[in-house]
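final34.cif follows; it contains mmCIF, C-alpha atoms.
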data_model
#
loop_
_atom_site.group_PDB
_atom_site.id
_atom_site.type_symbol
_atom_site.label_atom_id
_atom_site.label_comp_id
_atom_site.auth_asym_id
_atom_site.auth_seq_id
_atom_site.Cartn_x
_atom_site.Cartn_y
_atom_site.Cartn_z
ATOM 1 C CA MET K 1 0.000 0.000 0.000
ATOM 2 C CA ALA K 2 1.199 3.471 -0.801
ATOM 3 C CA ARG K 3 -0.316 6.813 -0.002
ATOM 4 C CA VAL K 4 -0.840 9.450 -2.647
ATOM 5 C CA VAL K 5 -1.905 12.923 -1.559
ATOM 6 C CA VAL K 6 -3.880 15.287 -3.753
ATOM 7 C CA ASP K 7 -4.001 18.906 -2.589
ATOM 8 C CA VAL K 8 -6.719 21.063 -4.142
ATOM 9 C CA MET K 9 -6.625 24.849 -3.796
ATOM 10 C CA LEU K 10 -8.786 27.621 -5.210
ATOM 11 C CA LYS K 11 -6.916 29.426 -7.977
ATOM 12 C CA PRO K 12 -5.097 32.536 -6.744
ATOM 13 C CA GLU K 13 -7.474 34.897 -8.558
ATOM 14 C CA ILE K 14 -10.590 33.345 -7.010
ATOM 15 C CA LEU K 15 -11.971 35.120 -3.930
ATOM 16 C CA ASP K 16 -11.869 32.832 -0.872
ATOM 17 C CA PRO K 17 -14.226 34.295 1.750
ATOM 18 C CA GLN K 18 -13.726 31.286 4.052
ATOM 19 C CA GLY K 19 -9.983 31.880 4.136
ATOM 20 C CA GLN K 20 -10.605 35.584 4.742
ATOM 21 C CA ALA K 21 -12.944 34.796 7.657
ATOM 22 C CA VAL K 22 -10.266 32.580 9.203
ATOM 23 C CA GLN K 23 -7.621 35.270 8.697
ATOM 24 C CA ARG K 24 -9.797 37.936 10.317
ATOM 25 C CA ALA K 25 -10.393 35.726 13.357
ATOM 26 C CA LEU K 26 -6.676 35.211 14.043
ATOM 27 C CA PRO K 27 -5.785 38.545 15.745
ATOM 28 C CA ARG K 28 -8.762 38.139 18.092
ATOM 29 C CA LEU K 29 -7.297 34.791 19.152
ATOM 30 C CA GLY K 30 -3.857 36.295 19.711
ATOM 31 C CA PHE K 31 -2.248 34.956 16.515
ATOM 32 C CA ASP K 32 -0.664 37.994 14.924
ATOM 33 C CA GLY K 33 1.362 38.444 11.771
ATOM 34 C CA ILE K 34 -0.707 36.298 9.373
ATOM 35 C CA ALA K 35 -1.273 38.438 6.293
ATOM 36 C CA ASP K 36 -3.448 36.037 4.314
ATOM 37 C CA VAL K 37 -5.165 32.644 4.625
ATOM 38 C CA ARG K 38 -6.421 30.459 1.796
ATOM 39 C CA GLN K 39 -8.383 27.319 2.536
ATOM 40 C CA GLY K 40 -8.173 24.169 0.434
ATOM 41 C CA LYS K 41 -8.840 20.440 0.424
ATOM 42 C CA ARG K 42 -6.512 17.493 0.932
ATOM 43 C CA PHE K 43 -7.324 13.988 -0.327
ATOM 44 C CA GLU K 44 -5.338 11.004 0.990
ATOM 45 C CA LEU K 45 -5.547 8.044 -1.370
ATOM 46 C CA GLU K 46 -4.450 4.588 -0.191
ATOM 47 C CA VAL K 47 -3.343 2.848 -3.365
ATOM 48 C CA ASP K 48 -3.151 -0.939 -3.804
ATOM 49 C CA GLY K 49 0.284 -2.118 -4.912
ATOM 50 C CA THR K 50 3.087 0.132 -6.046
ATOM 51 C CA VAL K 51 2.568 3.579 -7.429
ATOM 52 C CA ASP K 52 4.212 3.513 -10.849
ATOM 53 C CA ASP K 53 3.977 6.105 -13.600
ATOM 54 C CA ALA K 54 0.803 4.550 -14.993
ATOM 55 C CA ALA K 55 -0.899 4.637 -11.582
ATOM 56 C CA LEU K 56 0.160 8.239 -11.075
ATOM 57 C CA ALA K 57 -1.181 9.160 -14.489
ATOM 58 C CA ARG K 58 -4.551 7.641 -13.555
ATOM 59 C CA ILE K 59 -4.605 9.563 -10.273
ATOM 60 C CA HIS K 60 -3.736 12.739 -12.129
ATOM 61 C CA GLU K 61 -6.670 12.098 -14.458
ATOM 62 C CA MET K 62 -8.932 11.448 -11.437
ATOM 63 C CA ALA K 63 -7.870 14.710 -9.836
ATOM 64 C CA GLU K 64 -8.403 16.647 -13.028
ATOM 65 C CA THR K 65 -11.854 15.247 -13.827
ATOM 66 C CA PHE K 66 -13.297 14.769 -10.346
ATOM 67 C CA LEU K 67 -11.380 15.798 -7.233
ATOM 68 C CA ALA K 68 -10.745 19.306 -8.549
ATOM 69 C CA ASN K 69 -12.862 21.582 -10.709
ATOM 70 C CA THR K 70 -10.136 23.093 -12.864
ATOM 71 C CA VAL K 71 -12.359 26.049 -13.731
ATOM 72 C CA ILE K 72 -11.783 27.350 -10.201
ATOM 73 C CA GLU K 73 -9.185 25.078 -8.600
ATOM 74 C CA ASP K 74 -5.560 23.966 -9.010
ATOM 75 C CA PHE K 75 -4.293 20.629 -7.742
ATOM 76 C CA VAL K 76 -0.996 18.941 -6.877
ATOM 77 C CA VAL K 77 -0.447 15.166 -6.778
ATOM 78 C CA ARG K 78 2.387 13.727 -4.692
ATOM 79 C CA VAL K 79 3.419 10.321 -3.376
ATOM 80 C CA GLU K 80 3.980 10.131 0.387
ATOM 81 C CA SER K 81 6.765 7.821 1.436
ATOM 82 C CA MET C 1 -50.626 14.489 -27.091
ATOM 83 C CA THR C 2 -48.869 17.005 -24.926
ATOM 84 C CA SER C 3 -45.154 17.221 -24.325
ATOM 85 C CA ARG C 4 -43.338 15.140 -21.734
ATOM 86 C CA ILE C 5 -40.968 17.006 -19.449
ATOM 87 C CA GLY C 6 -38.769 14.987 -17.102
ATOM 88 C CA VAL C 7 -37.561 16.044 -13.653
ATOM 89 C CA VAL C 8 -34.566 14.204 -12.214
ATOM 90 C CA THR C 9 -34.422 13.077 -8.594
ATOM 91 C CA PHE C 10 -30.926 12.541 -7.168
ATOM 92 C CA PRO C 11 -30.325 11.540 -3.543
ATOM 93 C CA GLY C 12 -30.668 14.896 -1.782
ATOM 94 C CA THR C 13 -32.784 16.640 -4.415
ATOM 95 C CA LEU C 14 -35.417 18.798 -2.687
ATOM 96 C CA ASP C 15 -37.405 20.634 -5.339
ATOM 97 C CA ASP C 16 -38.318 17.812 -7.703
ATOM 98 C CA GLN C 17 -41.956 17.741 -6.555
ATOM 99 C CA ASP C 18 -42.356 21.498 -7.054
ATOM 100 C CA ALA C 19 -40.710 21.256 -10.474
ATOM 101 C CA LEU C 20 -43.022 18.388 -11.482
ATOM 102 C CA ARG C 21 -45.968 20.458 -10.286
ATOM 103 C CA ALA C 22 -44.799 23.516 -12.244
ATOM 104 C CA VAL C 23 -44.611 21.361 -15.381
ATOM 105 C CA ARG C 24 -48.194 20.208 -14.817
ATOM 106 C CA VAL C 25 -49.439 23.739 -14.044
ATOM 107 C CA ALA C 26 -48.010 24.830 -17.406
ATOM 108 C CA GLY C 27 -49.978 22.043 -19.083
ATOM 109 C CA ALA C 28 -47.254 19.524 -19.910
ATOM 110 C CA GLU C 29 -46.944 15.921 -18.778
ATOM 111 C CA ALA C 30 -44.537 15.663 -15.840
ATOM 112 C CA VAL C 31 -42.277 12.596 -15.858
ATOM 113 C CA PRO C 32 -40.214 11.708 -12.773
ATOM 114 C CA LEU C 33 -36.699 10.532 -13.693
ATOM 115 C CA TRP C 34 -34.389 8.597 -11.357
ATOM 116 C CA HIS C 35 -30.644 9.272 -11.097
ATOM 117 C CA ARG C 36 -29.649 5.622 -11.536
ATOM 118 C CA ASP C 37 -31.792 5.111 -14.621
ATOM 119 C CA ARG C 38 -30.061 5.933 -17.887
ATOM 120 C CA ASP C 39 -33.399 5.817 -19.687
ATOM 121 C CA LEU C 40 -35.082 9.208 -20.111
ATOM 122 C CA HIS C 41 -38.458 7.575 -20.871
ATOM 123 C CA GLN C 42 -39.080 9.487 -24.102
ATOM 124 C CA VAL C 43 -39.145 12.926 -22.486
ATOM 125 C CA ASP C 44 -38.825 15.970 -24.734
ATOM 126 C CA ALA C 45 -37.008 18.103 -22.171
ATOM 127 C CA VAL C 46 -35.420 17.741 -18.739
ATOM 128 C CA VAL C 47 -35.394 19.847 -15.572
ATOM 129 C CA LEU C 48 -32.595 19.377 -13.032
ATOM 130 C CA ALA C 49 -34.207 20.585 -9.832
ATOM 131 C CA GLY C 50 -32.730 22.238 -6.772
ATOM 132 C CA GLY C 51 -31.571 20.733 -3.516
ATOM 133 C CA PHE C 52 -28.365 19.282 -2.144
ATOM 134 C CA SER C 53 -27.692 16.228 -4.284
ATOM 135 C CA TYR C 54 -25.142 13.947 -2.596
ATOM 136 C CA GLY C 55 -25.054 16.438 0.270
ATOM 137 C CA ASP C 56 -22.988 18.835 -1.863
ATOM 138 C CA TYR C 57 -20.048 16.552 -0.983
ATOM 139 C CA LEU C 58 -16.793 17.438 -2.756
ATOM 140 C CA ARG C 59 -18.457 20.371 -4.575
ATOM 141 C CA ALA C 60 -22.115 21.108 -5.274
ATOM 142 C CA GLY C 61 -23.117 18.969 -8.262
ATOM 143 C CA ALA C 62 -19.717 17.266 -8.578
ATOM 144 C CA ILE C 63 -20.915 13.738 -7.810
ATOM 145 C CA SER C 64 -24.361 13.973 -9.441
ATOM 146 C CA ARG C 65 -22.700 14.972 -12.664
ATOM 147 C CA PHE C 66 -21.315 11.417 -12.995
ATOM 148 C CA SER C 67 -24.623 9.624 -12.284
ATOM 149 C CA PRO C 68 -26.060 7.272 -14.952
ATOM 150 C CA VAL C 69 -28.950 9.581 -15.860
ATOM 151 C CA MET C 70 -26.515 12.434 -16.501
ATOM 152 C CA GLU C 71 -24.610 10.402 -19.104
ATOM 153 C CA THR C 72 -27.751 10.314 -21.238
ATOM 154 C CA ILE C 73 -28.707 13.911 -20.461
ATOM 155 C CA ILE C 74 -25.249 15.244 -21.386
ATOM 156 C CA GLU C 75 -25.301 13.325 -24.660
ATOM 157 C CA GLN C 76 -28.837 14.448 -25.580
ATOM 158 C CA ALA C 77 -28.309 18.045 -24.472
ATOM 159 C CA LYS C 78 -25.397 18.233 -26.880
ATOM 160 C CA GLY C 79 -27.824 17.003 -29.529
ATOM 161 C CA GLY C 80 -30.284 19.817 -28.775
ATOM 162 C CA MET C 81 -32.598 18.450 -26.083
ATOM 163 C CA PRO C 82 -33.757 21.335 -23.847
ATOM 164 C CA VAL C 83 -32.386 21.170 -20.294
ATOM 165 C CA LEU C 84 -33.118 23.602 -17.465
ATOM 166 C CA GLY C 85 -30.917 23.527 -14.367
ATOM 167 C CA ILE C 86 -32.286 25.297 -11.312
ATOM 168 C CA CYS C 87 -29.992 26.039 -8.354
ATOM 169 C CA ASN C 88 -28.308 22.669 -7.665
ATOM 170 C CA GLY C 89 -29.299 21.782 -11.237
ATOM 171 C CA PHE C 90 -27.319 24.794 -12.476
ATOM 172 C CA GLN C 91 -24.365 23.647 -10.391
ATOM 173 C CA ILE C 92 -24.630 20.184 -11.959
ATOM 174 C CA LEU C 93 -24.707 21.708 -15.469
ATOM 175 C CA THR C 94 -21.498 23.670 -14.817
ATOM 176 C CA GLU C 95 -19.801 20.620 -13.300
ATOM 177 C CA ALA C 96 -20.864 18.655 -16.404
ATOM 178 C CA HIS C 97 -19.377 21.433 -18.582
ATOM 179 C CA LEU C 98 -22.677 21.877 -20.414
ATOM 180 C CA LEU C 99 -22.459 25.473 -19.201
ATOM 181 C CA PRO C 100 -19.224 27.404 -18.568
ATOM 182 C CA GLY C 101 -18.007 28.722 -15.235
ATOM 183 C CA ALA C 102 -18.506 27.450 -11.711
ATOM 184 C CA MET C 103 -20.431 28.220 -8.545
ATOM 185 C CA LEU C 104 -18.688 29.191 -5.326
ATOM 186 C CA ARG C 105 -19.770 29.784 -1.724
ATOM 187 C CA ASN C 106 -21.784 33.029 -1.342
ATOM 188 C CA ASN C 107 -19.345 35.872 -0.651
ATOM 189 C CA HIS C 108 -20.991 36.607 2.734
ATOM 190 C CA LEU C 109 -20.792 32.898 3.711
ATOM 191 C CA HIS C 110 -24.460 32.759 4.712
ATOM 192 C CA PHE C 111 -27.291 30.717 3.317
ATOM 193 C CA ILE C 112 -29.638 33.143 1.607
ATOM 194 C CA CYS C 113 -33.405 32.760 1.232
ATOM 195 C CA ARG C 114 -35.451 35.600 -0.199
ATOM 196 C CA ASP C 115 -37.618 36.689 -3.110
ATOM 197 C CA GLN C 116 -35.142 37.915 -5.707
ATOM 198 C CA ARG C 117 -35.580 40.458 -8.499
ATOM 199 C CA LEU C 118 -34.174 39.291 -11.815
ATOM 200 C CA THR C 119 -33.855 40.923 -15.202
ATOM 201 C CA VAL C 120 -34.430 38.689 -18.213
ATOM 202 C CA GLU C 121 -31.446 39.399 -20.463
ATOM 203 C CA ASN C 122 -32.113 36.797 -23.121
ATOM 204 C CA ALA C 123 -35.723 36.024 -24.082
ATOM 205 C CA ALA C 124 -34.736 33.873 -27.044
ATOM 206 C CA THR C 125 -33.752 30.632 -25.278
ATOM 207 C CA ALA C 126 -35.926 27.517 -25.213
ATOM 208 C CA TRP C 127 -36.880 28.324 -21.625
ATOM 209 C CA THR C 128 -37.404 32.115 -21.766
ATOM 210 C CA ALA C 129 -39.391 32.845 -24.941
ATOM 211 C CA ASP C 130 -42.511 33.821 -22.968
ATOM 212 C CA TYR C 131 -40.631 36.716 -21.351
ATOM 213 C CA GLU C 132 -39.673 40.063 -22.831
ATOM 214 C CA GLN C 133 -36.035 41.030 -22.996
ATOM 215 C CA GLY C 134 -35.423 43.424 -20.101
ATOM 216 C CA GLN C 135 -38.471 42.184 -18.175
ATOM 217 C CA GLU C 136 -38.132 42.229 -14.408
ATOM 218 C CA ILE C 137 -39.395 39.188 -12.503
ATOM 219 C CA SER C 138 -39.419 38.107 -8.865
ATOM 220 C CA VAL C 139 -38.750 34.478 -7.894
ATOM 221 C CA PRO C 140 -37.379 32.847 -4.742
ATOM 222 C CA LEU C 141 -33.636 32.431 -4.251
ATOM 223 C CA LYS C 142 -32.279 29.996 -1.675
ATOM 224 C CA ASN C 143 -28.725 28.712 -1.678
ATOM 225 C CA MET C 144 -25.312 28.559 -0.064
ATOM 226 C CA ASP C 145 -23.146 28.204 -3.176
ATOM 227 C CA GLY C 146 -24.573 30.724 -5.598
ATOM 228 C CA ARG C 147 -21.614 32.931 -6.495
ATOM 229 C CA TYR C 148 -21.195 32.548 -10.242
ATOM 230 C CA THR C 149 -17.627 32.796 -11.418
ATOM 231 C CA ALA C 150 -15.713 32.355 -14.660
ATOM 232 C CA ASP C 151 -12.538 33.827 -16.083
ATOM 233 C CA GLU C 152 -12.690 37.246 -17.756
ATOM 234 C CA ARG C 153 -12.433 35.793 -21.238
ATOM 235 C CA THR C 154 -15.419 33.507 -20.652
ATOM 236 C CA LEU C 155 -17.429 36.360 -19.106
ATOM 237 C CA ASP C 156 -16.690 38.614 -22.081
ATOM 238 C CA GLU C 157 -17.668 35.815 -24.450
ATOM 239 C CA LEU C 158 -20.961 35.231 -22.599
ATOM 240 C CA GLU C 159 -21.771 38.949 -22.751
ATOM 241 C CA ALA C 160 -20.812 39.298 -26.417
ATOM 242 C CA GLU C 161 -22.927 36.311 -27.451
ATOM 243 C CA GLY C 162 -25.946 37.345 -25.358
ATOM 244 C CA ARG C 163 -25.574 34.244 -23.242
ATOM 245 C CA VAL C 164 -26.171 35.951 -19.907
ATOM 246 C CA ALA C 165 -29.803 34.878 -19.560
ATOM 247 C CA PHE C 166 -30.598 36.519 -16.201
ATOM 248 C CA ARG C 167 -29.017 39.161 -14.032
ATOM 249 C CA TYR C 168 -29.723 40.134 -10.435
ATOM 250 C CA THR C 169 -31.553 43.443 -10.779
ATOM 251 C CA ALA C 170 -29.854 46.511 -9.315
ATOM 252 C CA GLY C 171 -31.479 49.812 -8.464
ATOM 253 C CA GLY C 172 -33.668 48.998 -5.488
ATOM 254 C CA ASN C 173 -33.562 48.072 -1.813
ATOM 255 C CA ALA C 174 -32.117 44.725 -0.764
ATOM 256 C CA ALA C 175 -35.213 44.306 1.426
ATOM 257 C CA ASP C 176 -37.301 44.343 -1.742
ATOM 258 C CA GLY C 177 -35.139 41.684 -3.372
ATOM 259 C CA TYR C 178 -32.922 43.975 -5.449
ATOM 260 C CA GLY C 179 -29.169 43.732 -5.828
ATOM 261 C CA ASN C 180 -26.526 41.072 -6.165
ATOM 262 C CA PRO C 181 -27.163 38.606 -3.320
ATOM 263 C CA ASN C 182 -23.982 36.528 -3.402
ATOM 264 C CA GLY C 183 -21.083 38.242 -5.183
ATOM 265 C CA SER C 184 -21.766 36.652 -8.578
ATOM 266 C CA LEU C 185 -19.492 38.188 -11.196
ATOM 267 C CA ARG C 186 -21.245 40.771 -13.387
ATOM 268 C CA ASP C 187 -24.475 40.142 -11.414
ATOM 269 C CA ILE C 188 -25.030 36.933 -13.364
ATOM 270 C CA ALA C 189 -27.969 34.867 -12.086
ATOM 271 C CA GLY C 190 -28.288 32.521 -15.058
ATOM 272 C CA ILE C 191 -26.717 31.687 -18.406
ATOM 273 C CA THR C 192 -27.465 29.724 -21.555
ATOM 274 C CA ASN C 193 -25.371 27.658 -23.925
ATOM 275 C CA ALA C 194 -24.765 28.944 -27.446
ATOM 276 C CA ALA C 195 -27.651 26.920 -28.910
ATOM 277 C CA GLY C 196 -30.116 28.210 -26.297
ATOM 278 C CA ASN C 197 -31.380 24.744 -25.318
ATOM 279 C CA VAL C 198 -29.429 24.482 -22.045
ATOM 280 C CA VAL C 199 -30.212 27.138 -19.430
ATOM 281 C CA GLY C 200 -29.106 27.308 -15.803
ATOM 282 C CA LEU C 201 -29.959 29.758 -13.049
ATOM 283 C CA MET C 202 -29.668 29.929 -9.271
ATOM 284 C CA PRO C 203 -33.148 31.358 -8.416
ATOM 285 C CA HIS C 204 -36.198 29.090 -8.393
ATOM 286 C CA PRO C 205 -38.926 29.768 -10.981
ATOM 287 C CA GLU C 206 -40.706 26.526 -10.011
ATOM 288 C CA HIS C 207 -41.598 28.109 -6.647
ATOM 289 C CA ALA C 208 -43.417 31.002 -8.334
ATOM 290 C CA VAL C 209 -46.048 29.430 -10.563
ATOM 291 C CA GLU C 210 -49.257 29.758 -8.551
ATOM 292 C CA PRO C 211 -50.798 32.833 -6.880
ATOM 293 C CA LEU C 212 -51.668 31.019 -3.654
ATOM 294 C CA ILE C 213 -48.197 29.855 -2.662
ATOM 295 C CA GLY C 214 -44.586 30.986 -2.856
ATOM 296 C CA THR C 215 -44.096 34.602 -3.854
ATOM 297 C CA GLY C 216 -47.815 35.044 -4.469
ATOM 298 C CA GLY C 217 -46.965 35.728 -8.099
ATOM 299 C CA THR C 218 -46.578 33.574 -11.166
ATOM 300 C CA ASP C 219 -43.384 35.138 -12.502
ATOM 301 C CA GLY C 220 -41.702 31.724 -12.778
ATOM 302 C CA LEU C 221 -44.406 30.057 -14.840
ATOM 303 C CA GLY C 222 -42.992 31.499 -18.077
ATOM 304 C CA PHE C 223 -40.085 29.034 -18.008
ATOM 305 C CA PHE C 224 -42.483 26.133 -18.241
ATOM 306 C CA THR C 225 -44.939 27.686 -20.708
ATOM 307 C CA SER C 226 -41.999 28.755 -22.897
ATOM 308 C CA ILE C 227 -40.662 25.242 -23.219
ATOM 309 C CA LEU C 228 -44.104 23.749 -23.720
ATOM 310 C CA LYS C 229 -44.861 26.119 -26.613
ATOM 311 C CA LYS C 230 -41.515 25.391 -28.176
ATOM 312 C CA LEU C 231 -42.019 21.614 -27.935
ATOM 313 C CA VAL C 232 -45.591 21.750 -29.223
ATOM 314 C CA SER C 233 -44.664 23.936 -32.185
ATOM 315 C CA ALA C 234 -41.765 21.626 -33.008
ATOM 316 C CA SER C 235 -43.870 18.454 -33.016
#
Turn this file's structure into structure tokens for me.
Amino acid sequence: MARVVVDVMLKPEILDPQGQAVQRALPRLGFDGIADVRQGKRFELEVDGTVDDAALARIHEMAETFLANTVIEDFVVRVES
Amino acid sequence: MTSRIGVVTFPGTLDDQDALRAVRVAGAEAVPLWHRDRDLHQVDAVVLAGGFSYGDYLRAGAISRFSPVMETIIEQAKGGMPVLGICNGFQILTEAHLLPGAMLRNNHLHFICRDQRLTVENAATAWTADYEQGQEISVPLKNMDGRYTADERTLDELEAEGRVAFRYTAGGNAADGYGNPNGSLRDIAGITNAAGNVVGLMPHPEHAVEPLIGTGGTDGLGFFTSILKKLVSAS
């Protein structure tokens, strides 16, 4: 079994009001010095067998068609050792 | 024989019964469709109703878009079958790439529920022919993820081709339902595809078809009479 992580983030130009709400709450909680917060999603995929190039290509395709909406989101696929 | 208009029920759909009723009020035959059934049962048009299909998991409409019934709907919509997506249905249509852009969380992060003023910007689609261009209507709006977004190029293209079908009407008090309720770019409430057979919007015309309930008006009925006239004249 291997773990592949897919991180999905709103594109930089897309307004993220949830991230802004988190950022605005920080000073009230005593956490200063955070200029900006953007909130995203993390998917942890447990993959049967070894993760070869073909398996990674399939996961990339999955991320592009399903896990992320590439109209508004970017994604990164990485293998966790 | 009158026209058959299907309304899809996904797990989590809420407004299918109202949509079926609106179809009947307009005088068409309402046909319930089930998300796992690829067969559209000889309907002439399809309504994707509002609600929270699959709990809005992942993104609103993201999972429904891959359901068996959607495979057939996507294929037939590309062939010209009229499809109306209301609220969650609009979200499903963007996720299915039948309409461009995407829907994001309302900019104020609150669920919104109010009667909303809309301006009909395109009265030439399959679903809007009974309205006048520039006509102002009032129908309920109720959603969490209603902020329409697309890149500038797509927005310019939509404007240039007259594909902005509805805009949130400015120029009045928010308490009276005027103004942009969710931060949608260019006040867009609904759009159409280039052919005019696929239309999506966030507000709910199916809740404004009878004087006794909903807004107390029938401003939404035109969607359903428009499509019925189009189907009858085509047959």
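Every protein or nucleic acid residue with an atom no more than 8 Å from C:Ala189, counting all atoms listed in the file and leaving out same-chain residues fewer than 3 positions away, appears here: C:Leu118, C:Tyr148, C:Ala165, C:Phe166, C:Arg167, C:Tyr168, C:Ser184, C:Leu201, C:Met202, C:Pro203.
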Serialized selection, C-alpha atoms, as an mmCIF file, in the coordinates of the input:
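Output file again-v7.cif follows:
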data_model
loop_
_atom_site.group_PDB
_atom_site.id
_atom_site.type_symbol
_atom_site.label_atom_id
_atom_site.label_comp_id
_atom_site.auth_asym_id
_atom_site.auth_seq_id
_atom_site.Cartn_x
_atom_site.Cartn_y
_atom_site.Cartn_z
ATOM 1 C CA LEU C 118 -34.174 39.291 -11.815
ATOM 2 C CA TYR C 148 -21.195 32.548 -10.242
ATOM 3 C CA ALA C 165 -29.803 34.878 -19.560
ATOM 4 C CA PHE C 166 -30.598 36.519 -16.201
ATOM 5 C CA ARG C 167 -29.017 39.161 -14.032
ATOM 6 C CA TYR C 168 -29.723 40.134 -10.435
ATOM 7 C CA SER C 184 -21.766 36.652 -8.578
ATOM 8 C CA LEU C 201 -29.959 29.758 -13.049
ATOM 9 C CA MET C 202 -29.668 29.929 -9.271
ATOM 10 C CA PRO C 203 -33.148 31.358 -8.416
#
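Applied to this file, the PyMOL selection byres ((chain C) within 8 of (chain K)) selects Leu58, Ala62, Glu95, Gly101, Ala102, Arg105, Asn107, His108, Leu109 and Ala150 of chain C.
Between atom CA of C:Glu121 and atom CA of C:His97 the interatomic distance comes to 21.7 Å.
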Quick check on the file I pasted: which residues fall under the PyMOL selection byres ((chain C and resi 210-213) around 12)? Write them as a PyMOL selection string. chain C and resi 18+21-26+139-140+205-209+214-222
Could you write out that same residue set with C-alpha atoms as a PDB file, keeping the file's coordinate frame?
ATOM      1  CA  ASP C  18     -42.356  21.498  -7.054  1.00  0.00           C
ATOM      2  CA  ARG C  21     -45.968  20.458 -10.286  1.00  0.00           C
ATOM      3  CA  ALA C  22     -44.799  23.516 -12.244  1.00  0.00           C
ATOM      4  CA  VAL C  23     -44.611  21.361 -15.381  1.00  0.00           C
ATOM      5  CA  ARG C  24     -48.194  20.208 -14.817  1.00  0.00           C
ATOM      6  CA  VAL C  25     -49.439  23.739 -14.044  1.00  0.00           C
ATOM      7  CA  ALA C  26     -48.010  24.830 -17.406  1.00  0.00           C
ATOM      8  CA  VAL C 139     -38.750  34.478  -7.894  1.00  0.00           C
ATOM      9  CA  PRO C 140     -37.379  32.847  -4.742  1.00  0.00           C
ATOM     10  CA  PRO C 205     -38.926  29.768 -10.981  1.00  0.00           C
ATOM     11  CA  GLU C 206     -40.706  26.526 -10.011  1.00  0.00           C
ATOM     12  CA  HIS C 207     -41.598  28.109  -6.647  1.00  0.00           C
ATOM     13  CA  ALA C 208     -43.417  31.002  -8.334  1.00  0.00           C
ATOM     14  CA  VAL C 209     -46.048  29.430 -10.563  1.00  0.00           C
ATOM     15  CA  GLY C 214     -44.586  30.986  -2.856  1.00  0.00           C
ATOM     16  CA  THR C 215     -44.096  34.602  -3.854  1.00  0.00           C
ATOM     17  CA  GLY C 216     -47.815  35.044  -4.469  1.00  0.00           C
ATOM     18  CA  GLY C 217     -46.965  35.728  -8.099  1.00  0.00           C
ATOM     19  CA  THR C 218     -46.578  33.574 -11.166  1.00  0.00           C
ATOM     20  CA  ASP C 219     -43.384  35.138 -12.502  1.00  0.00           C
ATOM     21  CA  GLY C 220     -41.702  31.724 -12.778  1.00  0.00           C
ATOM     22  CA  LEU C 221     -44.406  30.057 -14.840  1.00  0.00           C
ATOM     23  CA  GLY C 222     -42.992  31.499 -18.077  1.00  0.00           C
TER      24      GLY C 222
END
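Counting only C-alpha atoms and comparing K:Ile34, K:Val79, K:Leu26, K:Met9, the residue that lies closest to K:Leu56 is K:Val79.
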Near-C:Leu141 list (6 Å; all atoms listed in the file; drop same-chain fewer than 3 positions) as a PDB file with C-alpha atoms, in the frame of the given file:
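What landed in out29.pdb:
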ATOM      1  CA  CYS C 113     -33.405  32.760   1.232  1.00  0.00           C
ATOM      2  CA  ARG C 114     -35.451  35.600  -0.199  1.00  0.00           C
ATOM      3  CA  ASP C 115     -37.618  36.689  -3.110  1.00  0.00           C
ATOM      4  CA  GLN C 116     -35.142  37.915  -5.707  1.00  0.00           C
ATOM      5  CA  PRO C 203     -33.148  31.358  -8.416  1.00  0.00           C
ATOM      6  CA  HIS C 204     -36.198  29.090  -8.393  1.00  0.00           C
TER       7      HIS C 204
END
Within 9 Å of (-25.7, 21.5, -15.8) in the file's own coordinates, which protein, DNA or RNA residues have an atom, counting all atoms listed in the file? List them as a VMD selection string. chain C and resid 48 61 65 74 83 to 86 88 to 99 198 to 200
Next, the residues of the selection above should be written as a short mmCIF file (atom, residue, chain, number, x, y, z; two decimals), keeping the file's coordinate frame with C-alpha atoms.
data_model
loop_
_atom_site.label_atom_id
_atom_site.label_comp_id
_atom_site.auth_asym_id
_atom_site.auth_seq_id
_atom_site.Cartn_x
_atom_site.Cartn_y
_atom_site.Cartn_z
CA LEU C 48 -32.60 19.38 -13.03
CA GLY C 61 -23.12 18.97 -8.26
CA ARG C 65 -22.70 14.97 -12.66
CA ILE C 74 -25.25 15.24 -21.39
CA VAL C 83 -32.39 21.17 -20.29
CA LEU C 84 -33.12 23.60 -17.46
CA GLY C 85 -30.92 23.53 -14.37
CA ILE C 86 -32.29 25.30 -11.31
CA ASN C 88 -28.31 22.67 -7.66
CA GLY C 89 -29.30 21.78 -11.24
CA PHE C 90 -27.32 24.79 -12.48
CA GLN C 91 -24.36 23.65 -10.39
CA ILE C 92 -24.63 20.18 -11.96
CA LEU C 93 -24.71 21.71 -15.47
CA THR C 94 -21.50 23.67 -14.82
CA GLU C 95 -19.80 20.62 -13.30
CA ALA C 96 -20.86 18.66 -16.40
CA HIS C 97 -19.38 21.43 -18.58
CA LEU C 98 -22.68 21.88 -20.41
CA LEU C 99 -22.46 25.47 -19.20
CA VAL C 198 -29.43 24.48 -22.04
CA VAL C 199 -30.21 27.14 -19.43
CA GLY C 200 -29.11 27.31 -15.80
#
Picked residues, the PyMOL selection byres ((chain K and resi 6) around 6), as a ChimeraX atom specification: /K:5,7,42-43,76-77
Now that the selection is made, can you save its residues with C-alpha atoms as an mmCIF file, keeping the file's coordinate frame?
data_model
loop_
_atom_site.group_PDB
_atom_site.id
_atom_site.type_symbol
_atom_site.label_atom_id
_atom_site.label_comp_id
_atom_site.auth_asym_id
_atom_site.auth_seq_id
_atom_site.Cartn_x
_atom_site.Cartn_y
_atom_site.Cartn_z
ATOM 1 C CA VAL K 5 -1.905 12.923 -1.559
ATOM 2 C CA ASP K 7 -4.001 18.906 -2.589
ATOM 3 C CA ARG K 42 -6.512 17.493 0.932
ATOM 4 C CA PHE K 43 -7.324 13.988 -0.327
ATOM 5 C CA VAL K 76 -0.996 18.941 -6.877
ATOM 6 C CA VAL K 77 -0.447 15.166 -6.778
#
